[in-house]
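Data file: model-v9.pdb. Format and content: PDB, C-alpha atoms.
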ATOM      1  CA  GLU A   1    -100.512-117.997  53.770  1.00  0.00           C
ATOM      2  CA  GLU A   2     -96.917-118.824  54.728  1.00  0.00           C
ATOM      3  CA  ILE A   3     -97.148-122.242  53.046  1.00  0.00           C
ATOM      4  CA  LEU A   4     -98.650-120.668  49.915  1.00  0.00           C
ATOM      5  CA  ASP A   5     -95.796-118.137  49.819  1.00  0.00           C
ATOM      6  CA  VAL A   6     -93.275-120.993  49.916  1.00  0.00           C
ATOM      7  CA  ILE A   7     -95.118-122.839  47.128  1.00  0.00           C
ATOM      8  CA  ILE A   8     -95.281-119.728  44.931  1.00  0.00           C
ATOM      9  CA  ARG A   9     -91.629-118.830  45.554  1.00  0.00           C
ATOM     10  CA  ASN A  10     -90.380-122.316  44.696  1.00  0.00           C
ATOM     11  CA  SER A  11     -92.701-122.561  41.690  1.00  0.00           C
ATOM     12  CA  LYS A  12     -91.096-119.412  40.317  1.00  0.00           C
ATOM     13  CA  ARG A  13     -87.634-120.906  40.875  1.00  0.00           C
ATOM     14  CA  LEU A  14     -88.623-124.101  39.045  1.00  0.00           C
ATOM     15  CA  MET A  15     -90.098-122.088  36.180  1.00  0.00           C
ATOM     16  CA  LYS A  16     -86.886-120.059  35.839  1.00  0.00           C
ATOM     17  CA  LEU A  17     -84.798-123.243  35.939  1.00  0.00           C
ATOM     18  CA  ALA A  18     -86.915-124.785  33.164  1.00  0.00           C
ATOM     19  CA  GLU A  19     -86.616-121.594  31.086  1.00  0.00           C
ATOM     20  CA  ASP A  20     -82.823-121.509  31.567  1.00  0.00           C
ATOM     21  CA  ILE A  21     -82.453-125.147  30.475  1.00  0.00           C
ATOM     22  CA  LEU A  22     -84.616-124.517  27.403  1.00  0.00           C
ATOM     23  CA  ASN A  23     -82.631-121.392  26.531  1.00  0.00           C
ATOM     24  CA  VAL A  24     -79.324-123.276  26.793  1.00  0.00           C
ATOM     25  CA  ALA A  25     -80.736-126.015  24.548  1.00  0.00           C
ATOM     26  CA  ARG A  26     -81.846-123.405  22.002  1.00  0.00           C
ATOM     27  CA  ILE A  27     -78.466-121.656  22.080  1.00  0.00           C
ATOM     28  CA  GLU A  28     -76.531-124.885  21.553  1.00  0.00           C
ATOM     29  CA  SER A  29     -78.862-126.072  18.782  1.00  0.00           C
ATOM     30  CA  GLY A  30     -78.736-122.745  16.931  1.00  0.00           C
ATOM     31  CA  SER A  31     -82.467-122.136  17.348  1.00  0.00           C
ATOM     32  CA  PHE A  32     -82.153-119.147  19.683  1.00  0.00           C
ATOM     33  CA  PHE A  33     -83.400-116.068  17.821  1.00  0.00           C
ATOM     34  CA  LEU A  34     -83.738-112.356  18.552  1.00  0.00           C
ATOM     35  CA  ASN A  35     -86.777-110.162  17.943  1.00  0.00           C
ATOM     36  CA  LYS A  36     -85.208-106.749  17.522  1.00  0.00           C
ATOM     37  CA  GLU A  37     -86.944-103.414  17.936  1.00  0.00           C
ATOM     38  CA  ARG A  38     -85.882 -99.844  18.646  1.00  0.00           C
ATOM     39  CA  PHE A  39     -86.272 -98.620  22.230  1.00  0.00           C
ATOM     40  CA  ASP A  40     -84.676 -96.453  24.916  1.00  0.00           C
ATOM     41  CA  ILE A  41     -82.354 -98.670  26.972  1.00  0.00           C
ATOM     42  CA  GLY A  42     -82.312 -96.125  29.821  1.00  0.00           C
ATOM     43  CA  GLU A  43     -86.077 -96.389  30.154  1.00  0.00           C
ATOM     44  CA  LEU A  44     -85.867-100.199  30.165  1.00  0.00           C
ATOM     45  CA  ILE A  45     -83.271-100.194  32.953  1.00  0.00           C
ATOM     46  CA  SER A  46     -85.345 -97.748  35.018  1.00  0.00           C
ATOM     47  CA  GLU A  47     -88.337-100.091  34.772  1.00  0.00           C
ATOM     48  CA  ILE A  48     -86.249-103.093  35.817  1.00  0.00           C
ATOM     49  CA  MET A  49     -84.748-101.230  38.775  1.00  0.00           C
ATOM     50  CA  ASN A  50     -88.210-100.235  39.999  1.00  0.00           C
ATOM     51  CA  ASP A  51     -89.197-103.914  39.986  1.00  0.00           C
ATOM     52  CA  ILE A  52     -85.950-104.892  41.718  1.00  0.00           C
ATOM     53  CA  LYS A  53     -86.724-102.548  44.622  1.00  0.00           C
ATOM     54  CA  GLU A  54     -89.507-104.899  45.723  1.00  0.00           C
ATOM     55  CA  GLU A  55     -87.069-107.802  45.929  1.00  0.00           C
ATOM     56  CA  ILE A  56     -84.699-105.740  48.097  1.00  0.00           C
ATOM     57  CA  VAL A  57     -87.564-104.971  50.480  1.00  0.00           C
ATOM     58  CA  GLU A  58     -88.653-108.624  50.577  1.00  0.00           C
ATOM     59  CA  ASN A  59     -85.106-109.725  51.446  1.00  0.00           C
ATOM     60  CA  LYS A  60     -84.858-106.991  54.086  1.00  0.00           C
ATOM     61  CA  LYS A  61     -81.535-105.739  52.748  1.00  0.00           C
ATOM     62  CA  ASN A  62     -80.087-102.271  53.261  1.00  0.00           C
ATOM     63  CA  ILE A  63     -79.114-101.568  49.652  1.00  0.00           C
ATOM     64  CA  LYS A  64     -79.319 -98.305  47.728  1.00  0.00           C
ATOM     65  CA  LEU A  65     -80.076 -98.468  44.012  1.00  0.00           C
ATOM     66  CA  LEU A  66     -78.339 -95.746  41.979  1.00  0.00           C
ATOM     67  CA  PHE A  67     -78.764 -94.989  38.285  1.00  0.00           C
ATOM     68  CA  GLU A  68     -76.675 -92.663  36.099  1.00  0.00           C
ATOM     69  CA  LEU A  69     -77.030 -92.020  32.375  1.00  0.00           C
ATOM     70  CA  TYR A  70     -74.603 -90.245  30.024  1.00  0.00           C
ATOM     71  CA  ASN A  71     -75.507 -90.282  26.364  1.00  0.00           C
ATOM     72  CA  GLY A  72     -72.756 -87.996  25.035  1.00  0.00           C
ATOM     73  CA  ASN A  73     -75.342 -85.979  23.154  1.00  0.00           C
ATOM     74  CA  ASN A  74     -74.873 -82.234  23.479  1.00  0.00           C
ATOM     75  CA  ASN A  75     -77.842 -81.315  21.307  1.00  0.00           C
ATOM     76  CA  ASN A  76     -80.663 -79.470  23.041  1.00  0.00           C
ATOM     77  CA  ASN A  77     -83.670 -81.549  22.057  1.00  0.00           C
ATOM     78  CA  ASN A  78     -86.286 -83.798  23.667  1.00  0.00           C
ATOM     79  CA  ASN A  79     -84.241 -86.929  22.955  1.00  0.00           C
ATOM     80  CA  ASN A  80     -81.154 -85.650  24.760  1.00  0.00           C
ATOM     81  CA  ASN A  81     -81.495 -88.157  27.602  1.00  0.00           C
ATOM     82  CA  LYS A  82     -82.436 -91.120  25.434  1.00  0.00           C
ATOM     83  CA  ILE A  83     -80.135 -93.856  24.178  1.00  0.00           C
ATOM     84  CA  ILE A  84     -81.964 -95.735  21.452  1.00  0.00           C
ATOM     85  CA  VAL A  85     -80.812 -99.286  20.721  1.00  0.00           C
ATOM     86  CA  GLU A  86     -81.998-101.808  18.176  1.00  0.00           C
ATOM     87  CA  ALA A  87     -82.197-105.000  20.169  1.00  0.00           C
ATOM     88  CA  ASP A  88     -84.435-107.696  21.617  1.00  0.00           C
ATOM     89  CA  ARG A  89     -86.092-105.880  24.513  1.00  0.00           C
ATOM     90  CA  ASN A  90     -87.150-109.028  26.382  1.00  0.00           C
ATOM     91  CA  ARG A  91     -83.719-110.653  26.065  1.00  0.00           C
ATOM     92  CA  LEU A  92     -81.893-107.532  27.247  1.00  0.00           C
ATOM     93  CA  CYS A  93     -84.324-107.359  30.147  1.00  0.00           C
ATOM     94  CA  GLN A  94     -83.321-110.952  30.926  1.00  0.00           C
ATOM     95  CA  VAL A  95     -79.609-110.034  30.934  1.00  0.00           C
ATOM     96  CA  ILE A  96     -79.966-106.908  33.082  1.00  0.00           C
ATOM     97  CA  SER A  97     -82.342-108.596  35.538  1.00  0.00           C
ATOM     98  CA  ASN A  98     -79.986-111.548  35.906  1.00  0.00           C
ATOM     99  CA  ILE A  99     -76.983-109.332  36.728  1.00  0.00           C
ATOM    100  CA  LEU A 100     -79.001-107.178  39.139  1.00  0.00           C
ATOM    101  CA  ASN A 101     -80.483-110.221  40.895  1.00  0.00           C
ATOM    102  CA  ASN A 102     -76.985-111.646  41.336  1.00  0.00           C
ATOM    103  CA  ALA A 103     -75.826-108.321  42.758  1.00  0.00           C
ATOM    104  CA  ILE A 104     -78.662-108.357  45.289  1.00  0.00           C
ATOM    105  CA  LYS A 105     -77.952-111.983  46.198  1.00  0.00           C
ATOM    106  CA  PHE A 106     -74.324-111.237  47.091  1.00  0.00           C
ATOM    107  CA  THR A 107     -74.822-107.773  48.617  1.00  0.00           C
ATOM    108  CA  ASP A 108     -76.195-107.374  52.142  1.00  0.00           C
ATOM    109  CA  GLU A 109     -75.632-103.646  52.469  1.00  0.00           C
ATOM    110  CA  GLY A 110     -74.194-100.734  50.543  1.00  0.00           C
ATOM    111  CA  SER A 111     -75.207 -99.920  47.003  1.00  0.00           C
ATOM    112  CA  ILE A 112     -75.781-101.192  43.493  1.00  0.00           C
ATOM    113  CA  THR A 113     -74.939 -98.599  40.849  1.00  0.00           C
ATOM    114  CA  VAL A 114     -75.990 -98.826  37.206  1.00  0.00           C
ATOM    115  CA  ILE A 115     -74.237 -96.492  34.763  1.00  0.00           C
ATOM    116  CA  VAL A 116     -75.267 -96.229  31.112  1.00  0.00           C
ATOM    117  CA  GLY A 117     -73.247 -94.246  28.585  1.00  0.00           C
ATOM    118  CA  THR A 118     -72.193 -94.072  24.956  1.00  0.00           C
ATOM    119  CA  LYS A 119     -68.704 -94.297  23.507  1.00  0.00           C
ATOM    120  CA  LYS A 120     -67.347 -93.682  20.027  1.00  0.00           C
ATOM    121  CA  ILE A 121     -65.619 -96.683  18.485  1.00  0.00           C
ATOM    122  CA  ASN A 122     -62.040 -95.945  17.388  1.00  0.00           C
ATOM    123  CA  ASN A 123     -61.480 -95.528  13.645  1.00  0.00           C
ATOM    124  CA  ASN A 124     -65.195 -95.890  13.092  1.00  0.00           C
ATOM    125  CA  ASN A 125     -68.091 -93.496  12.736  1.00  0.00           C
ATOM    126  CA  SER A 126     -70.397 -95.683  14.826  1.00  0.00           C
ATOM    127  CA  ASN A 127     -70.976 -95.648  18.572  1.00  0.00           C
ATOM    128  CA  LYS A 128     -71.650 -98.227  21.245  1.00  0.00           C
ATOM    129  CA  VAL A 129     -73.595 -98.148  24.482  1.00  0.00           C
ATOM    130  CA  ILE A 130     -71.890 -99.379  27.641  1.00  0.00           C
ATOM    131  CA  VAL A 131     -73.856-100.587  30.673  1.00  0.00           C
ATOM    132  CA  SER A 132     -71.977-100.964  33.976  1.00  0.00           C
ATOM    133  CA  ILE A 133     -73.487-102.607  37.077  1.00  0.00           C
ATOM    134  CA  LYS A 134     -71.365-102.228  40.207  1.00  0.00           C
ATOM    135  CA  ASP A 135     -72.168-103.617  43.658  1.00  0.00           C
ATOM    136  CA  THR A 136     -70.578-103.495  47.110  1.00  0.00           C
ATOM    137  CA  GLY A 137     -71.108-107.177  47.868  1.00  0.00           C
ATOM    138  CA  THR A 138     -68.791-110.108  48.503  1.00  0.00           C
ATOM    139  CA  GLY A 139     -67.267-110.065  45.020  1.00  0.00           C
ATOM    140  CA  ILE A 140     -66.696-112.965  42.633  1.00  0.00           C
ATOM    141  CA  ASP A 141     -65.045-116.079  44.025  1.00  0.00           C
ATOM    142  CA  SER A 142     -61.479-116.465  42.713  1.00  0.00           C
ATOM    143  CA  GLU A 143     -62.213-120.040  41.597  1.00  0.00           C
ATOM    144  CA  ILE A 144     -65.291-118.972  39.638  1.00  0.00           C
ATOM    145  CA  LEU A 145     -63.932-115.773  38.046  1.00  0.00           C
ATOM    146  CA  PRO A 146     -61.916-117.404  35.191  1.00  0.00           C
ATOM    147  CA  LYS A 147     -64.929-119.468  34.071  1.00  0.00           C
ATOM    148  CA  LEU A 148     -67.662-117.033  35.112  1.00  0.00           C
ATOM    149  CA  PHE A 149     -69.587-117.039  31.824  1.00  0.00           C
ATOM    150  CA  THR A 150     -69.458-120.785  31.213  1.00  0.00           C
ATOM    151  CA  LYS A 151     -72.224-123.247  32.072  1.00  0.00           C
ATOM    152  CA  PHE A 152     -72.608-124.326  35.701  1.00  0.00           C
ATOM    153  CA  ALA A 153     -69.980-121.847  36.947  1.00  0.00           C
ATOM    154  CA  THR A 154     -71.231-121.527  40.500  1.00  0.00           C
ATOM    155  CA  LYS A 155     -70.696-122.712  44.039  1.00  0.00           C
ATOM    156  CA  SER A 156     -74.246-123.903  44.525  1.00  0.00           C
ATOM    157  CA  SER A 157     -73.792-124.466  48.246  1.00  0.00           C
ATOM    158  CA  ILE A 158     -73.223-120.727  48.627  1.00  0.00           C
ATOM    159  CA  ALA A 159     -75.158-119.123  45.790  1.00  0.00           C
ATOM    160  CA  GLY A 160     -78.054-121.521  45.388  1.00  0.00           C
ATOM    161  CA  GLY A 161     -77.988-121.020  41.619  1.00  0.00           C
ATOM    162  CA  THR A 162     -77.480-123.193  38.552  1.00  0.00           C
ATOM    163  CA  GLY A 163     -74.681-121.230  36.914  1.00  0.00           C
ATOM    164  CA  LEU A 164     -76.661-120.932  33.669  1.00  0.00           C
ATOM    165  CA  GLY A 165     -77.766-117.297  33.871  1.00  0.00           C
ATOM    166  CA  LEU A 166     -74.455-115.668  32.949  1.00  0.00           C
ATOM    167  CA  PHE A 167     -73.814-118.204  30.171  1.00  0.00           C
ATOM    168  CA  ILE A 168     -77.188-117.271  28.662  1.00  0.00           C
ATOM    169  CA  SER A 169     -76.526-113.563  29.221  1.00  0.00           C
ATOM    170  CA  LYS A 170     -73.184-113.776  27.420  1.00  0.00           C
ATOM    171  CA  SER A 171     -74.810-115.568  24.492  1.00  0.00           C
ATOM    172  CA  ILE A 172     -77.536-112.925  24.245  1.00  0.00           C
ATOM    173  CA  ILE A 173     -75.068-110.015  24.300  1.00  0.00           C
ATOM    174  CA  GLU A 174     -72.785-111.639  21.724  1.00  0.00           C
ATOM    175  CA  MET A 175     -75.757-112.355  19.429  1.00  0.00           C
ATOM    176  CA  HIS A 176     -76.347-108.592  19.465  1.00  0.00           C
ATOM    177  CA  GLY A 177     -72.742-108.020  18.360  1.00  0.00           C
ATOM    178  CA  GLY A 178     -71.656-106.865  21.809  1.00  0.00           C
ATOM    179  CA  SER A 179     -69.410-108.141  24.574  1.00  0.00           C
ATOM    180  CA  ILE A 180     -69.678-108.719  28.333  1.00  0.00           C
ATOM    181  CA  TRP A 181     -67.080-108.995  31.088  1.00  0.00           C
ATOM    182  CA  ALA A 182     -66.705-108.728  34.876  1.00  0.00           C
ATOM    183  CA  PHE A 183     -64.094-108.092  37.536  1.00  0.00           C
ATOM    184  CA  ASN A 184     -63.743-107.659  41.288  1.00  0.00           C
ATOM    185  CA  ASN A 185     -63.381-104.154  42.650  1.00  0.00           C
ATOM    186  CA  ASP A 186     -60.619-103.108  45.019  1.00  0.00           C
ATOM    187  CA  GLU A 187     -60.864-105.748  47.753  1.00  0.00           C
ATOM    188  CA  LYS A 188     -58.448-103.816  49.983  1.00  0.00           C
ATOM    189  CA  ASN A 189     -60.700-100.775  50.018  1.00  0.00           C
ATOM    190  CA  LYS A 190     -63.781-101.347  52.187  1.00  0.00           C
ATOM    191  CA  ASP A 191     -65.651 -98.598  50.327  1.00  0.00           C
ATOM    192  CA  ASP A 192     -64.903-100.143  46.929  1.00  0.00           C
ATOM    193  CA  ARG A 193     -65.462-103.842  47.522  1.00  0.00           C
ATOM    194  CA  GLY A 194     -67.760-106.044  45.465  1.00  0.00           C
ATOM    195  CA  SER A 195     -67.785-106.626  41.720  1.00  0.00           C
ATOM    196  CA  THR A 196     -68.605-104.884  38.457  1.00  0.00           C
ATOM    197  CA  PHE A 197     -70.307-106.336  35.376  1.00  0.00           C
ATOM    198  CA  ILE A 198     -70.088-104.462  32.089  1.00  0.00           C
ATOM    199  CA  PHE A 199     -71.617-105.131  28.694  1.00  0.00           C
ATOM    200  CA  SER A 200     -71.538-103.158  25.451  1.00  0.00           C
ATOM    201  CA  LEU A 201     -73.833-103.083  22.437  1.00  0.00           C
ATOM    202  CA  PRO A 202     -73.385-101.435  19.042  1.00  0.00           C
ATOM    203  CA  LEU A 203     -75.514 -98.372  18.358  1.00  0.00           C
ATOM    204  CA  LYS A 204     -77.079 -97.887  14.941  1.00  0.00           C
ATOM    205  CA  GLU A 205     -77.836 -94.436  13.612  1.00  0.00           C
TER     206      GLU A 205
END
Could you quickly redo this structure as structure tokens?
Amino acid sequence: EEILDVIIRNSKRLMKLAEDILNVARIESGSFFLNKERFDIGELISEIMNDIKEEIVENKKNIKLLFELYNGNNNNNNNNNKIIVEADRNRLCQVISNILNNAIKFTDEGSITVIVGTKKINNNNSNKVIVSIKDTGTGIDSEILPKLFTKFATKSSIAGGTGLGLFISKSIIEMHGGSIWAFNNDEKNKDDRGSTFIFSLPLKE
């Protein structure tokens, strides 16, 4: 059973690597397309976080997962807690899962907090949704931070990754008309260490 677990685990890693390489090839060739639909992004994130809990247990890490949602809607109706986006559900799932998996990889204890909210765009009648994922891990290496969203931006000896996930995530977000960025938290404050990833997407009425 132990040998089978190793085979399955490494097969999944190889499959993800193959998918990442294919996605990069599609992005660079202009053949990467989105299949947009309308859905509640809060519900999607809740589903992903439930799946992520299993990975935390498997890695025997003492991490709390926290989720907060603010939609800026003061109307008293059944949709008050929903933030509906028009986007590619599977691709956004890919982005959120990638950021959360990275947070787990670099966080041994503490918390990972996901905050979803809406914000009105200045001088415009439209809104955007902002998703923030904050962890209490080791933070982003100073050498990697300036080139974080480029291909192969990783210290593979430490992270064990290819450095393709964030490049693909950035491409997906920008294809939706949004933006993505990241920064280290207050390294001097033990209670506020780690890093924060944020991405925004336009909301259509």
If the PyMOL selection byres ((chain A and resi 161-172) around 7) is run on the structure shown, which residues does it catch, given as a ChimeraX atom specification?
-> /A:20,24,91,95,98,149-154,156,159-160,173-176,180
Residue neighbourhood A:Val131, 9 Å, all atoms listed in the file, exclusion window fewer than 3 positions, as a count of residues only = 10
May I have the residues within 8 Å of A:Asn101 as an MDAnalysis selection string, using only C-alpha atoms and disregarding those fewer than 4 positions away in the same chain?
-> chainID A and resid 52 97 105
Let's have the selection written as a CSV table (one decimal), in the coordinates of the input, with C-alpha atoms.
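Dumped everything to again-v3.csv:
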chain,number,residue,atom,x,y,z
A,52,ILE,CA,-86.0,-104.9,41.7
A,97,SER,CA,-82.3,-108.6,35.5
A,105,LYS,CA,-78.0,-112.0,46.2
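Between A:Ile140 and the residues A:Ile56, A:Leu100, A:Ala182, A:Ile63, the shortest atom-to-atom distance, using all atoms listed in the file, involves A:Ala182.
Coordinates place atom CA of A:Leu203 at a distance of 15.0 Å from atom CA of A:Asn81.
Our summary of the geometry notes that atom CA of A:Thr136 is positioned 6.8 Å from atom CA of A:Ser195.
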Taking all atoms of stretch 43-54 of chain A that appear in the file, build a box with edges along x, y and z, extend it by 3 Å on every side, and state its centre and edge lengths in Å to one decimal, as JSON.
{"center_x": -86.4, "center_y": -100.6, "center_z": 37.9, "size_x": 12.2, "size_y": 14.5, "size_z": 21.6}
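For the pair atom CA of A:Lys12 and atom CA of A:Glu143, the separation is 28.9 Å.
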Evaluate the PyMOL selection byres ((chain A and resi 137) around 6) and report residues as a list in words | Phe106, Thr107, Asp135, Thr136, Thr138, Gly139 and Gly194 of chain A
Residue neighbourhood A:Lys53, 12 Å, only C-alpha atoms, exclusion window fewer than 3 positions, as a compact mmCIF listing (two decimals) with C-alpha atoms, in the frame of the given file:
# COMPACT_ATOMS: atom_id res chain seq x y z
CA SER A 46 -85.34 -97.75 35.02
CA GLU A 47 -88.34 -100.09 34.77
CA ILE A 48 -86.25 -103.09 35.82
CA MET A 49 -84.75 -101.23 38.78
CA ASN A 50 -88.21 -100.24 40.00
CA ILE A 56 -84.70 -105.74 48.10
CA VAL A 57 -87.56 -104.97 50.48
CA GLU A 58 -88.65 -108.62 50.58
CA ASN A 59 -85.11 -109.72 51.45
CA LYS A 60 -84.86 -106.99 54.09
CA LYS A 61 -81.54 -105.74 52.75
CA ASN A 62 -80.09 -102.27 53.26
CA ILE A 63 -79.11 -101.57 49.65
CA LYS A 64 -79.32 -98.30 47.73
CA LEU A 65 -80.08 -98.47 44.01
CA LEU A 66 -78.34 -95.75 41.98
CA SER A 97 -82.34 -108.60 35.54
CA LEU A 100 -79.00 -107.18 39.14
CA ASN A 101 -80.48 -110.22 40.90
CA ILE A 104 -78.66 -108.36 45.29
CA ILE A 112 -75.78 -101.19 43.49
